[in-house]
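This is target_38.cif (mmCIF, C-alpha atoms).
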data_my_file
loop_
_atom_site.label_atom_id
_atom_site.label_comp_id
_atom_site.auth_asym_id
_atom_site.auth_seq_id
_atom_site.Cartn_x
_atom_site.Cartn_y
_atom_site.Cartn_z
CA MET N 1 63.19 -15.13 -33.85
CA SER N 2 64.71 -17.46 -36.44
CA ASP N 3 65.13 -16.22 -39.99
CA ILE N 4 62.30 -17.32 -42.23
CA THR N 5 63.43 -17.94 -45.80
CA PRO N 6 61.72 -19.39 -48.89
CA GLU N 7 64.12 -22.33 -48.65
CA ARG N 8 62.92 -23.20 -45.13
CA ILE N 9 59.31 -22.90 -46.23
CA LEU N 10 59.85 -25.11 -49.27
CA ALA N 11 61.70 -27.68 -47.14
CA ALA N 12 58.69 -27.89 -44.81
CA LEU N 13 56.29 -28.16 -47.73
CA ARG N 14 58.23 -31.09 -49.18
CA GLN N 15 56.74 -33.08 -46.32
CA VAL N 16 53.22 -32.41 -47.62
CA GLN N 17 52.05 -35.08 -50.05
CA ASP N 18 49.41 -34.75 -52.75
CA PRO N 19 47.37 -37.91 -52.02
CA GLU N 20 46.13 -38.20 -55.59
CA ARG N 21 49.30 -37.45 -57.54
CA GLY N 22 51.70 -39.37 -55.32
CA GLY N 23 54.37 -36.77 -54.62
CA ASP N 24 55.14 -33.77 -52.47
CA ILE N 25 53.63 -30.44 -53.48
CA VAL N 26 57.01 -28.77 -54.04
CA SER N 27 58.38 -31.42 -56.39
CA LEU N 28 55.08 -31.39 -58.27
CA GLY N 29 55.44 -27.64 -58.86
CA MET N 30 52.26 -26.74 -56.99
CA VAL N 31 53.66 -24.00 -54.69
CA SER N 32 53.77 -20.38 -55.91
CA GLY N 33 53.67 -16.76 -54.76
CA ILE N 34 55.52 -17.11 -51.45
CA GLN N 35 55.28 -13.88 -49.42
CA ILE N 36 57.17 -13.32 -46.13
CA ARG N 37 56.81 -10.33 -43.86
CA GLU N 38 57.67 -9.99 -40.19
CA GLY N 39 56.92 -13.61 -39.33
CA HIS N 40 53.77 -13.87 -41.44
CA VAL N 41 53.86 -16.17 -44.47
CA GLY N 42 51.49 -16.49 -47.40
CA PHE N 43 51.57 -18.60 -50.56
CA ALA N 44 49.35 -20.37 -53.08
CA ILE N 45 48.94 -24.02 -54.03
CA GLU N 46 47.98 -24.47 -57.67
CA VAL N 47 45.59 -27.35 -58.38
CA GLU N 48 43.31 -28.45 -61.17
CA PRO N 49 39.88 -26.80 -60.96
CA GLU N 50 38.01 -30.09 -60.58
CA ARG N 51 40.19 -31.09 -57.61
CA GLY N 52 39.88 -27.83 -55.72
CA PRO N 53 36.75 -28.64 -53.68
CA ARG N 54 38.25 -31.84 -52.24
CA LEU N 55 41.75 -30.56 -51.44
CA GLU N 56 40.94 -28.48 -48.37
CA PRO N 57 42.75 -31.06 -46.16
CA LEU N 58 45.85 -30.55 -48.32
CA ARG N 59 45.63 -26.78 -47.86
CA LYS N 60 45.32 -27.17 -44.09
CA ALA N 61 48.26 -29.60 -43.98
CA ALA N 62 50.46 -27.11 -45.86
CA GLU N 63 49.31 -24.30 -43.58
CA LYS N 64 50.21 -26.36 -40.51
CA ALA N 65 53.58 -27.44 -41.91
CA VAL N 66 54.66 -23.83 -42.37
CA GLY N 67 52.88 -22.55 -39.27
CA ASP N 68 54.85 -24.99 -37.11
CA LEU N 69 58.20 -23.57 -38.25
CA ASP N 70 60.17 -21.71 -35.61
CA GLY N 71 59.67 -17.99 -36.11
CA VAL N 72 56.46 -18.19 -38.15
CA LEU N 73 53.66 -16.24 -36.49
CA SER N 74 50.95 -17.13 -39.00
CA ALA N 75 50.59 -18.95 -42.30
CA SER N 76 48.00 -18.08 -44.93
CA VAL N 77 47.53 -20.55 -47.79
CA VAL N 78 45.14 -20.34 -50.72
CA LEU N 79 44.18 -22.91 -53.32
CA THR N 80 44.18 -21.51 -56.84
CA ALA N 81 43.47 -23.07 -60.19
CA GLU N 82 43.79 -22.16 -63.85
CA LYS N 83 40.83 -23.24 -65.90
CA ARG N 84 41.59 -25.36 -68.94
CA ARG N 85 40.35 -24.27 -72.33
CA ALA N 86 37.06 -25.94 -73.20
CA PRO N 87 34.90 -26.08 -76.31
CA PRO N 88 32.40 -23.21 -76.61
CA GLN N 89 29.29 -23.79 -74.56
CA PRO N 90 25.86 -22.17 -74.63
CA ALA N 91 25.74 -18.93 -72.66
CA PRO N 92 24.98 -19.70 -69.00
CA ARG N 93 21.95 -18.37 -67.23
CA PRO N 94 22.58 -15.47 -64.80
CA ALA N 95 24.38 -16.78 -61.73
CA HIS N 96 22.31 -16.89 -58.54
CA ARG N 97 23.94 -16.51 -55.17
CA GLN N 98 24.04 -19.95 -53.57
CA ALA N 99 22.07 -19.70 -50.36
CA SER N 100 22.86 -23.32 -49.50
CA ARG N 101 26.62 -22.66 -49.36
CA GLU N 102 28.06 -22.12 -45.89
CA PRO N 103 28.37 -18.35 -45.47
CA LEU N 104 31.89 -16.94 -45.39
CA VAL N 105 30.96 -14.47 -42.65
CA PRO N 106 28.00 -15.96 -40.79
CA GLN N 107 27.73 -13.17 -38.18
CA VAL N 108 27.49 -10.37 -40.74
CA ARG N 109 23.93 -9.30 -41.51
CA SER N 110 24.56 -7.41 -44.75
CA ILE N 111 27.50 -7.10 -47.16
CA VAL N 112 27.53 -4.00 -49.36
CA ALA N 113 29.89 -3.52 -52.29
CA VAL N 114 31.12 -0.04 -53.18
CA ALA N 115 32.13 -0.27 -56.82
CA SER N 116 33.01 1.77 -59.88
CA GLY N 117 33.20 0.95 -63.55
CA LYS N 118 36.68 2.50 -63.75
CA GLY N 119 39.47 3.72 -61.51
CA GLY N 120 40.17 7.28 -60.49
CA VAL N 121 36.65 8.29 -59.44
CA GLY N 122 37.31 8.32 -55.69
CA LYS N 123 35.66 4.99 -54.89
CA SER N 124 37.88 4.18 -51.90
CA THR N 125 37.34 7.61 -50.35
CA ILE N 126 33.58 7.19 -50.74
CA ALA N 127 33.77 3.64 -49.30
CA VAL N 128 35.66 4.62 -46.15
CA ASN N 129 33.46 7.64 -45.44
CA LEU N 130 30.28 5.61 -45.98
CA ALA N 131 31.58 2.92 -43.59
CA LEU N 132 32.39 5.55 -40.96
CA ALA N 133 29.04 7.26 -41.52
CA LEU N 134 27.19 3.96 -41.04
CA ALA N 135 29.10 3.50 -37.78
CA ALA N 136 28.32 7.09 -36.75
CA ASN N 137 24.66 6.30 -37.36
CA GLY N 138 24.87 3.56 -34.72
CA LEU N 139 25.62 0.41 -36.72
CA ARG N 140 28.34 -2.20 -36.14
CA VAL N 141 30.48 -1.88 -39.27
CA GLY N 142 33.41 -3.60 -40.94
CA LEU N 143 35.38 -2.52 -44.01
CA LEU N 144 37.05 -5.01 -46.37
CA ASP N 145 39.57 -3.56 -48.81
CA ALA N 146 39.06 -5.91 -51.76
CA ASP N 147 41.30 -3.92 -54.10
CA ILE N 148 44.21 -6.37 -54.06
CA TYR N 149 46.28 -4.52 -56.65
CA GLY N 150 45.81 -1.05 -55.18
CA PRO N 151 44.81 -1.21 -51.50
CA SER N 152 43.98 2.24 -50.11
CA GLN N 153 42.27 1.71 -46.78
CA PRO N 154 45.41 1.45 -44.58
CA ARG N 155 46.42 4.95 -45.72
CA LEU N 156 42.88 6.36 -45.58
CA LEU N 157 42.39 5.11 -42.01
CA GLY N 158 45.91 5.90 -40.80
CA LEU N 159 46.55 2.26 -39.90
CA THR N 160 49.98 0.64 -39.81
CA GLY N 161 51.30 -2.67 -38.56
CA ARG N 162 49.99 -6.16 -39.07
CA PRO N 163 46.88 -8.01 -37.92
CA LYS N 164 47.34 -10.26 -34.90
CA THR N 165 46.17 -13.82 -34.48
CA LYS N 166 45.07 -15.43 -31.23
CA ASP N 167 44.94 -19.04 -32.39
CA GLY N 168 47.34 -19.09 -35.36
CA ARG N 169 44.42 -19.53 -37.75
CA MET N 170 42.03 -16.58 -37.57
CA LEU N 171 43.33 -13.04 -38.03
CA GLU N 172 42.00 -10.26 -35.86
CA PRO N 173 40.92 -7.29 -38.00
CA MET N 174 42.58 -3.95 -37.50
CA GLU N 175 40.31 -1.24 -36.11
CA ALA N 176 40.04 2.51 -36.60
CA PHE N 177 37.32 4.88 -35.39
CA GLY N 178 35.17 1.92 -34.31
CA VAL N 179 35.27 0.19 -37.72
CA LYS N 180 36.91 -3.23 -38.13
CA THR N 181 39.13 -3.34 -41.22
CA MET N 182 41.08 -5.86 -43.27
CA SER N 183 43.28 -5.18 -46.30
CA ILE N 184 46.03 -6.93 -48.21
CA GLY N 185 47.88 -3.67 -47.55
CA PHE N 186 48.43 -4.84 -43.96
CA LEU N 187 50.22 -7.96 -45.19
CA VAL N 188 52.56 -6.61 -47.88
CA ASN N 189 54.80 -3.57 -48.20
CA GLU N 190 53.04 -0.44 -49.45
CA ASP N 191 55.23 -0.22 -52.58
CA GLN N 192 55.16 -3.95 -53.38
CA ALA N 193 53.46 -4.92 -56.64
CA MET N 194 50.93 -7.77 -56.40
CA ILE N 195 51.60 -9.95 -59.45
CA TRP N 196 48.74 -12.38 -58.91
CA ARG N 197 46.42 -14.05 -61.39
CA GLY N 198 42.66 -13.80 -61.02
CA PRO N 199 42.13 -17.11 -59.16
CA MET N 200 44.77 -16.16 -56.58
CA VAL N 201 43.08 -12.81 -56.03
CA MET N 202 39.71 -14.46 -55.45
CA SER N 203 41.19 -17.00 -53.05
CA ALA N 204 42.85 -14.20 -51.08
CA LEU N 205 39.54 -12.32 -50.87
CA GLN N 206 37.74 -15.42 -49.66
CA GLN N 207 40.35 -15.87 -46.95
CA MET N 208 40.03 -12.24 -45.85
CA LEU N 209 36.35 -12.99 -45.35
CA ARG N 210 36.49 -16.54 -43.98
CA ASP N 211 39.71 -16.42 -41.93
CA VAL N 212 39.19 -13.04 -40.25
CA ASN N 213 37.39 -12.74 -36.93
CA TRP N 214 34.86 -10.13 -38.06
CA GLY N 215 32.47 -10.93 -35.22
CA ALA N 216 28.88 -9.72 -35.26
CA LEU N 217 28.39 -6.86 -37.72
CA ASP N 218 25.34 -5.08 -39.08
CA VAL N 219 27.11 -4.10 -42.30
CA LEU N 220 30.37 -5.12 -43.97
CA VAL N 221 31.36 -2.54 -46.60
CA VAL N 222 33.53 -3.97 -49.40
CA ASP N 223 35.77 -1.55 -51.28
CA MET N 224 35.72 -3.38 -54.62
CA PRO N 225 38.47 -3.36 -57.25
CA PRO N 226 37.68 -0.87 -60.04
CA GLY N 227 36.25 -2.17 -63.29
CA THR N 228 34.03 -5.08 -64.30
CA GLY N 229 36.53 -7.86 -64.97
CA ASP N 230 36.79 -11.45 -63.77
CA ALA N 231 37.73 -10.59 -60.17
CA GLN N 232 34.75 -8.26 -59.77
CA LEU N 233 32.32 -10.66 -61.41
CA THR N 234 33.51 -13.61 -59.33
CA MET N 235 33.28 -11.55 -56.14
CA ALA N 236 29.71 -10.54 -57.01
CA GLN N 237 28.79 -14.16 -57.72
CA GLN N 238 30.42 -15.87 -54.75
CA VAL N 239 29.85 -13.38 -51.93
CA PRO N 240 26.24 -12.97 -50.72
CA LEU N 241 26.02 -9.24 -51.41
CA ALA N 242 22.96 -7.44 -50.05
CA GLY N 243 23.52 -4.62 -52.51
CA ALA N 244 25.96 -2.42 -54.39
CA VAL N 245 26.72 1.29 -54.41
CA ILE N 246 28.10 2.66 -57.70
CA VAL N 247 30.49 5.62 -57.63
CA SER N 248 30.89 7.86 -60.67
CA THR N 249 31.96 11.36 -61.59
CA PRO N 250 29.57 13.53 -63.63
CA GLN N 251 31.24 13.40 -67.04
CA ASP N 252 29.98 11.14 -69.82
CA LEU N 253 33.11 8.96 -69.97
CA ALA N 254 32.79 7.92 -66.31
CA LEU N 255 29.05 7.37 -66.66
CA LEU N 256 29.61 4.94 -69.54
CA ASP N 257 31.67 2.76 -67.19
CA ALA N 258 29.16 3.22 -64.35
CA ARG N 259 26.48 1.71 -66.62
CA LYS N 260 28.69 -1.34 -67.10
CA GLY N 261 29.00 -1.75 -63.33
CA ILE N 262 25.23 -1.52 -62.86
CA SER N 263 24.71 -4.02 -65.68
CA MET N 264 27.14 -6.48 -64.09
CA PHE N 265 25.43 -6.40 -60.71
CA ARG N 266 22.00 -6.77 -62.28
CA LYS N 267 23.13 -9.81 -64.24
CA VAL N 268 24.17 -11.56 -61.03
CA GLU N 269 20.99 -10.35 -59.28
CA VAL N 270 22.65 -8.03 -56.77
CA PRO N 271 20.42 -5.03 -55.98
CA VAL N 272 21.90 -1.64 -56.85
CA LEU N 273 21.33 0.51 -53.77
CA GLY N 274 22.17 3.70 -55.61
CA ILE N 275 24.65 5.92 -57.45
CA VAL N 276 26.95 8.51 -55.85
CA GLU N 277 28.15 11.44 -57.93
CA ASN N 278 31.65 12.18 -56.65
CA MET N 279 33.59 15.36 -57.53
CA SER N 280 30.19 16.79 -58.38
CA TYR N 281 31.29 20.42 -58.14
CA PHE N 282 34.05 22.60 -56.70
CA ARG N 283 33.39 25.45 -54.30
CA CYS N 284 36.25 27.90 -53.89
CA PRO N 285 37.29 28.01 -50.21
CA HIS N 286 38.19 31.71 -50.58
CA CYS N 287 35.33 33.31 -52.48
CA GLY N 288 32.67 30.61 -52.26
CA GLU N 289 32.13 30.52 -56.03
CA ARG N 290 30.88 27.17 -57.33
CA THR N 291 32.51 25.65 -60.43
CA GLU N 292 31.33 22.43 -62.10
CA ILE N 293 34.69 21.18 -63.33
CA PHE N 294 33.51 17.78 -64.57
CA ALA N 295 30.00 18.97 -65.56
CA HIS N 296 27.23 18.27 -63.09
CA GLY N 297 24.14 16.14 -62.61
CA GLY N 298 25.11 13.34 -64.96
CA ALA N 299 24.90 10.64 -62.28
CA ARG N 300 21.47 11.86 -61.13
CA SER N 301 20.16 11.74 -64.70
CA GLU N 302 21.68 8.31 -65.22
CA ALA N 303 20.09 7.00 -62.03
CA GLN N 304 16.69 8.23 -63.17
CA ARG N 305 17.18 6.71 -66.62
CA LEU N 306 18.21 3.32 -65.20
CA GLY N 307 15.63 3.31 -62.41
CA VAL N 308 18.07 3.16 -59.49
CA PRO N 309 18.23 5.48 -56.45
CA PHE N 310 20.45 8.56 -56.54
CA LEU N 311 22.25 8.74 -53.21
CA GLY N 312 23.76 12.19 -53.42
CA GLU N 313 26.49 14.56 -54.61
CA VAL N 314 29.95 14.75 -53.02
CA PRO N 315 31.89 17.90 -53.87
CA LEU N 316 35.49 18.16 -54.98
CA ASP N 317 36.70 19.66 -51.73
CA VAL N 318 40.24 20.12 -50.46
CA ALA N 319 39.07 19.20 -46.94
CA ILE N 320 37.99 15.73 -48.11
CA ARG N 321 41.33 15.23 -49.82
CA GLU N 322 43.43 16.47 -46.90
CA THR N 323 41.60 14.46 -44.26
CA SER N 324 41.74 11.33 -46.40
CA ASP N 325 45.47 11.67 -47.06
CA GLY N 326 45.98 12.35 -43.36
CA GLY N 327 44.29 9.11 -42.26
CA LYS N 328 41.33 10.83 -40.59
CA PRO N 329 38.46 10.91 -43.11
CA ILE N 330 36.08 13.85 -43.08
CA VAL N 331 33.26 11.98 -41.32
CA VAL N 332 35.36 11.58 -38.16
CA SER N 333 37.70 14.56 -38.40
CA GLU N 334 34.99 17.16 -39.12
CA PRO N 335 31.76 15.39 -38.08
CA GLU N 336 29.61 18.56 -38.07
CA SER N 337 30.73 19.76 -41.50
CA GLU N 338 28.39 19.76 -44.48
CA ASN N 339 30.62 17.19 -46.21
CA ALA N 340 30.30 14.79 -43.27
CA LEU N 341 26.54 15.29 -43.20
CA ILE N 342 26.36 14.37 -46.90
CA PHE N 343 27.88 10.98 -46.07
CA ARG N 344 25.66 10.58 -43.01
CA ARG N 345 22.55 11.13 -45.13
CA MET N 346 23.72 8.66 -47.77
CA ALA N 347 24.50 6.10 -45.06
CA ALA N 348 21.03 6.53 -43.58
CA THR N 349 19.49 5.88 -47.00
CA ILE N 350 21.59 2.75 -47.51
CA ALA N 351 20.76 1.45 -44.02
CA GLY N 352 17.08 2.00 -44.75
CA GLU N 353 17.36 -0.01 -47.98
CA LEU N 354 19.05 -2.83 -46.07
CA GLY N 355 16.61 -2.71 -43.18
CA ALA N 356 19.61 -2.20 -40.88
CA GLU N 357 19.03 -0.46 -37.60
CA GLY N 358 21.31 0.66 -34.82
CA PRO N 359 21.51 -1.02 -31.42
CA ALA N 360 18.14 -1.42 -29.78
CA PRO N 361 17.49 0.85 -26.79
CA PRO N 362 17.58 -0.86 -23.39
CA ARG N 363 14.37 -2.43 -22.30
CA ILE N 364 13.12 -1.14 -18.97
CA VAL N 365 11.23 -3.66 -16.87
CA VAL N 366 9.25 -2.45 -13.90
CA GLU N 367 8.75 -5.07 -11.25
CA GLU N 368 5.61 -4.79 -9.17
#
What's the C-alpha cells form of this structure?
Amino acid sequence: MSDITPERILAALRQVQDPERGGDIVSLGMVSGIQIREGHVGFAIEVEPERGPRLEPLRKAAEKAVGDLDGVLSASVVLTAEKRRAPPQPAPRPAHRQASREPLVPQVRSIVAVASGKGGVGKSTIAVNLALALAANGLRVGLLDADIYGPSQPRLLGLTGRPKTKDGRMLEPMEAFGVKTMSIGFLVNEDQAMIWRGPMVMSALQQMLRDVNWGALDVLVVDMPPGTGDAQLTMAQQVPLAGAVIVSTPQDLALLDARKGISMFRKVEVPVLGIVENMSYFRCPHCGERTEIFAHGGARSEAQRLGVPFLGEVPLDVAIRETSDGGKPIVVSEPESENALIFRRMAATIAGELGAEGPAPPRIVVEE
C-alpha cells in the first residue's frame, strides 16, 4: 500500500475547483482538519453558510479525488461553515423538526437520544446498556456514539479496528452483541484530541447517520455529548428524534443540569421519554448494607415535578463498572442479574412509549 500523506491529499485536492470562486479549494484555503489512519482519510471543506446547500457536488468531487488515490481505502469529507456575525434579530420561534427533509436514516423507525445536562453521570454506560436491553427485548437496535470529543462506546463494547466499506462510499457499522454501532472512536486513535469547531462536529454526526449502512432498525440509540451547547441543540433540531432519555445522579447539582437538558428538548419539541437516576445507591457486596452516597430519590422527585416519566434507579455497583470497563456490559455479561433486569425493564418502558415491538411471530397458514 502506498504511503498516504497530507501532501498527496492536498495535491489531489488542487484539481478540485470551486465553480463560484474560480480557484482550487486548496489555494482558496478551504481544506482543513485532515485525518489519516490506516488508509482511511477524513477532512473538512470550509464554505460560507449560504453556499453550503448547493456545494454538495463539490464535496463529492473532493471525496472522489482523494478516494481515487492509490492506497486510500475510503474518504470522508464534510462541509462546514462559520456563521458571520449579524445584527440582533427577534428571538426565533421554537424549531420544529422538518418532516419534509429527506431522512438521514430512512430505514430507522425511531431515534432515541440518551442525554445528560453535564458530564460524569454515567450517560454512556446507561446508553449502551439500554441499547443492549432493547436488543435483548427483541428489537433491531443500533447505537450511535455522538460524543465526538469523548467517544466511549468502542471501549464499552470491546470493539477495535475500523469500519469496512463495500462500495467506497457507505461505511458498514461495527457490531457487538447484535447491536450495530458507529463511533468517531473507530476512526481516530483513542488518545487523539478532536480539535473541531461546532459545525465540523455536526457535519461529522450527519455523515455517521447518512453515510453508514444502518439497514432496517427498530431503534437507533444516540449517546449524546454531555451538556446543552450548540452541538446538542443542533443535533436535537436536525435529527428526527422520537424522544430523549435524561440521565442524572441524585444530588441537587446534577439535577440542576438535568432540568436544563429537559428544557432544551422541550423547546425543540422532542418528547422526554423519562429520567434515569444513575448511581442511585451503593450496596456493599460483602455485608449487603445500602448506602446512599449521592443522596437518593432526587431524580424521581424531579420527574414528578416536571411531569415526565421516571424510568428507574441504577445502583452504583462494582459489577456494572467492571463489566463496562471489560467491554461486556452487564446486560449481556450477567443477563439474569438484578442490574440487567433493571435495564430490561427500562427498555421495555421506552419501547412501549415508542410503540416499538419485537419481530412479529411467524404466521401459520393452514391449507385446506
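Minimum atom-to-atom distances from N:Ala204, N:Val212, N:Leu311, N:Ala113 to Lys166 of chain N were compared using only C-alpha atoms, and the lowest value belongs to N:Val212.
Shortest atom-to-atom contact with Pro335 of chain N among N:Met235, N:Ala146, N:Ile320, N:Leu139: N:Ile320, counting only C-alpha atoms.
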On this structure, which residues satisfy the PyMOL selection byres ((chain N and resi 213-230) around 7), written as an MDAnalysis selection string?
chainID N and resid 107:119 124 127 131 139:147 170:173 198 211:212 231:234 261 356
Enumerate, as a ChimeraX atom specification, the residues matched when the PyMOL selection byres ((chain N and resi 3) around 10) is run on the file above.
/N:1-2,4-5,8,38-39,70-72
Write the residues you've just listed into a file as a PDB file, in the coordinates of the input, and include C-alpha atoms for each of them.
ATOM      1  CA  MET N   1      63.190 -15.130 -33.850  1.00  0.00           C
ATOM      2  CA  SER N   2      64.710 -17.460 -36.440  1.00  0.00           C
ATOM      3  CA  ILE N   4      62.300 -17.320 -42.230  1.00  0.00           C
ATOM      4  CA  THR N   5      63.430 -17.940 -45.800  1.00  0.00           C
ATOM      5  CA  ARG N   8      62.920 -23.200 -45.130  1.00  0.00           C
ATOM      6  CA  GLU N  38      57.670  -9.990 -40.190  1.00  0.00           C
ATOM      7  CA  GLY N  39      56.920 -13.610 -39.330  1.00  0.00           C
ATOM      8  CA  ASP N  70      60.170 -21.710 -35.610  1.00  0.00           C
ATOM      9  CA  GLY N  71      59.670 -17.990 -36.110  1.00  0.00           C
ATOM     10  CA  VAL N  72      56.460 -18.190 -38.150  1.00  0.00           C
TER      11      VAL N  72
END
Atomic separation - atom CA of Ala62 of chain N relative to atom CA of Ile45 of chain N, Å:
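Rounded to one decimal, the two atoms are 8.9 Å apart.
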Between atom CA of Val77 of chain N and atom CA of Gln207 of chain N, measure the distance and give it in Å to one decimal.
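Between atom CA of Val77 of chain N and atom CA of Gln207 of chain N the gap works out to 8.6 Å.
Among the candidates N:Arg14, N:His40, N:Lys180, N:Arg300, the one nearest to Leu28 of chain N when counting all atoms listed in the file is N:Arg14.
Residue selection for this entry, given the PyMOL selection byres ((chain N and resi 63) around 10), comprises Leu13, Val16, Val41, Gly42, Phe43, Pro57, Leu58, Arg59, Lys60, Ala61, Ala62, Lys64, Ala65, Val66, Gly67, Asp68, Ser74, Ala75, Ser76, Val77, Val78, Gly168 and Arg169 of chain N.
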In Å, with one decimal, what is the gap from atom CA of Asp18 of chain N to atom CA of Val105 of chain N?
29.2 Å
Could you tell me, as a VMD selection string, which residues have any atom at most 8 Å from (23.8, 6.9, -59.2), counting only C-alpha atoms?
chain N and resid 245 to 248 274 to 277 299 to 300 302 to 303 308 to 312
So, counting all atoms listed in the file, which residue among N:Ile36, N:Ile262, N:Ile184, N:Val128 is closest to Pro163 of chain N?
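So, comparing all the options, the nearest one is N:Ile184.
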If we count only C-alpha atoms, what is near Thr291 of chain N at a cut-off of 7 Å, once residues fewer than 6 positions away on the same chain are taken out, given as a PyMOL selection string?
chain N and resi 281-283
Neighbouring residues of Thr125 of chain N were defined as those with any atom within 10 Å, considering all atoms listed in the file; residues of the same chain fewer than 5 positions away were excluded. Please report them as number ranges by chain.
N: 130, 152-153, 156, 223, 278, 320-321, 324-325, 329-330
Where's the centre, and what are the edge lengths in Å to one decimal, of a box along x, y and z enclosing all listed atoms of segment 263-272 of chain N padded 6 Å per side, as JSON?
{"center_x": 23.8, "center_y": -6.6, "center_z": -60.8, "size_x": 18.7, "size_y": 21.9, "size_z": 21.7}
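Among the candidates N:Leu159, N:Ile9, N:Leu132, N:Ile148, the residue lying nearest to Gly327 of chain N is N:Leu159 (atoms considered: all atoms listed in the file).
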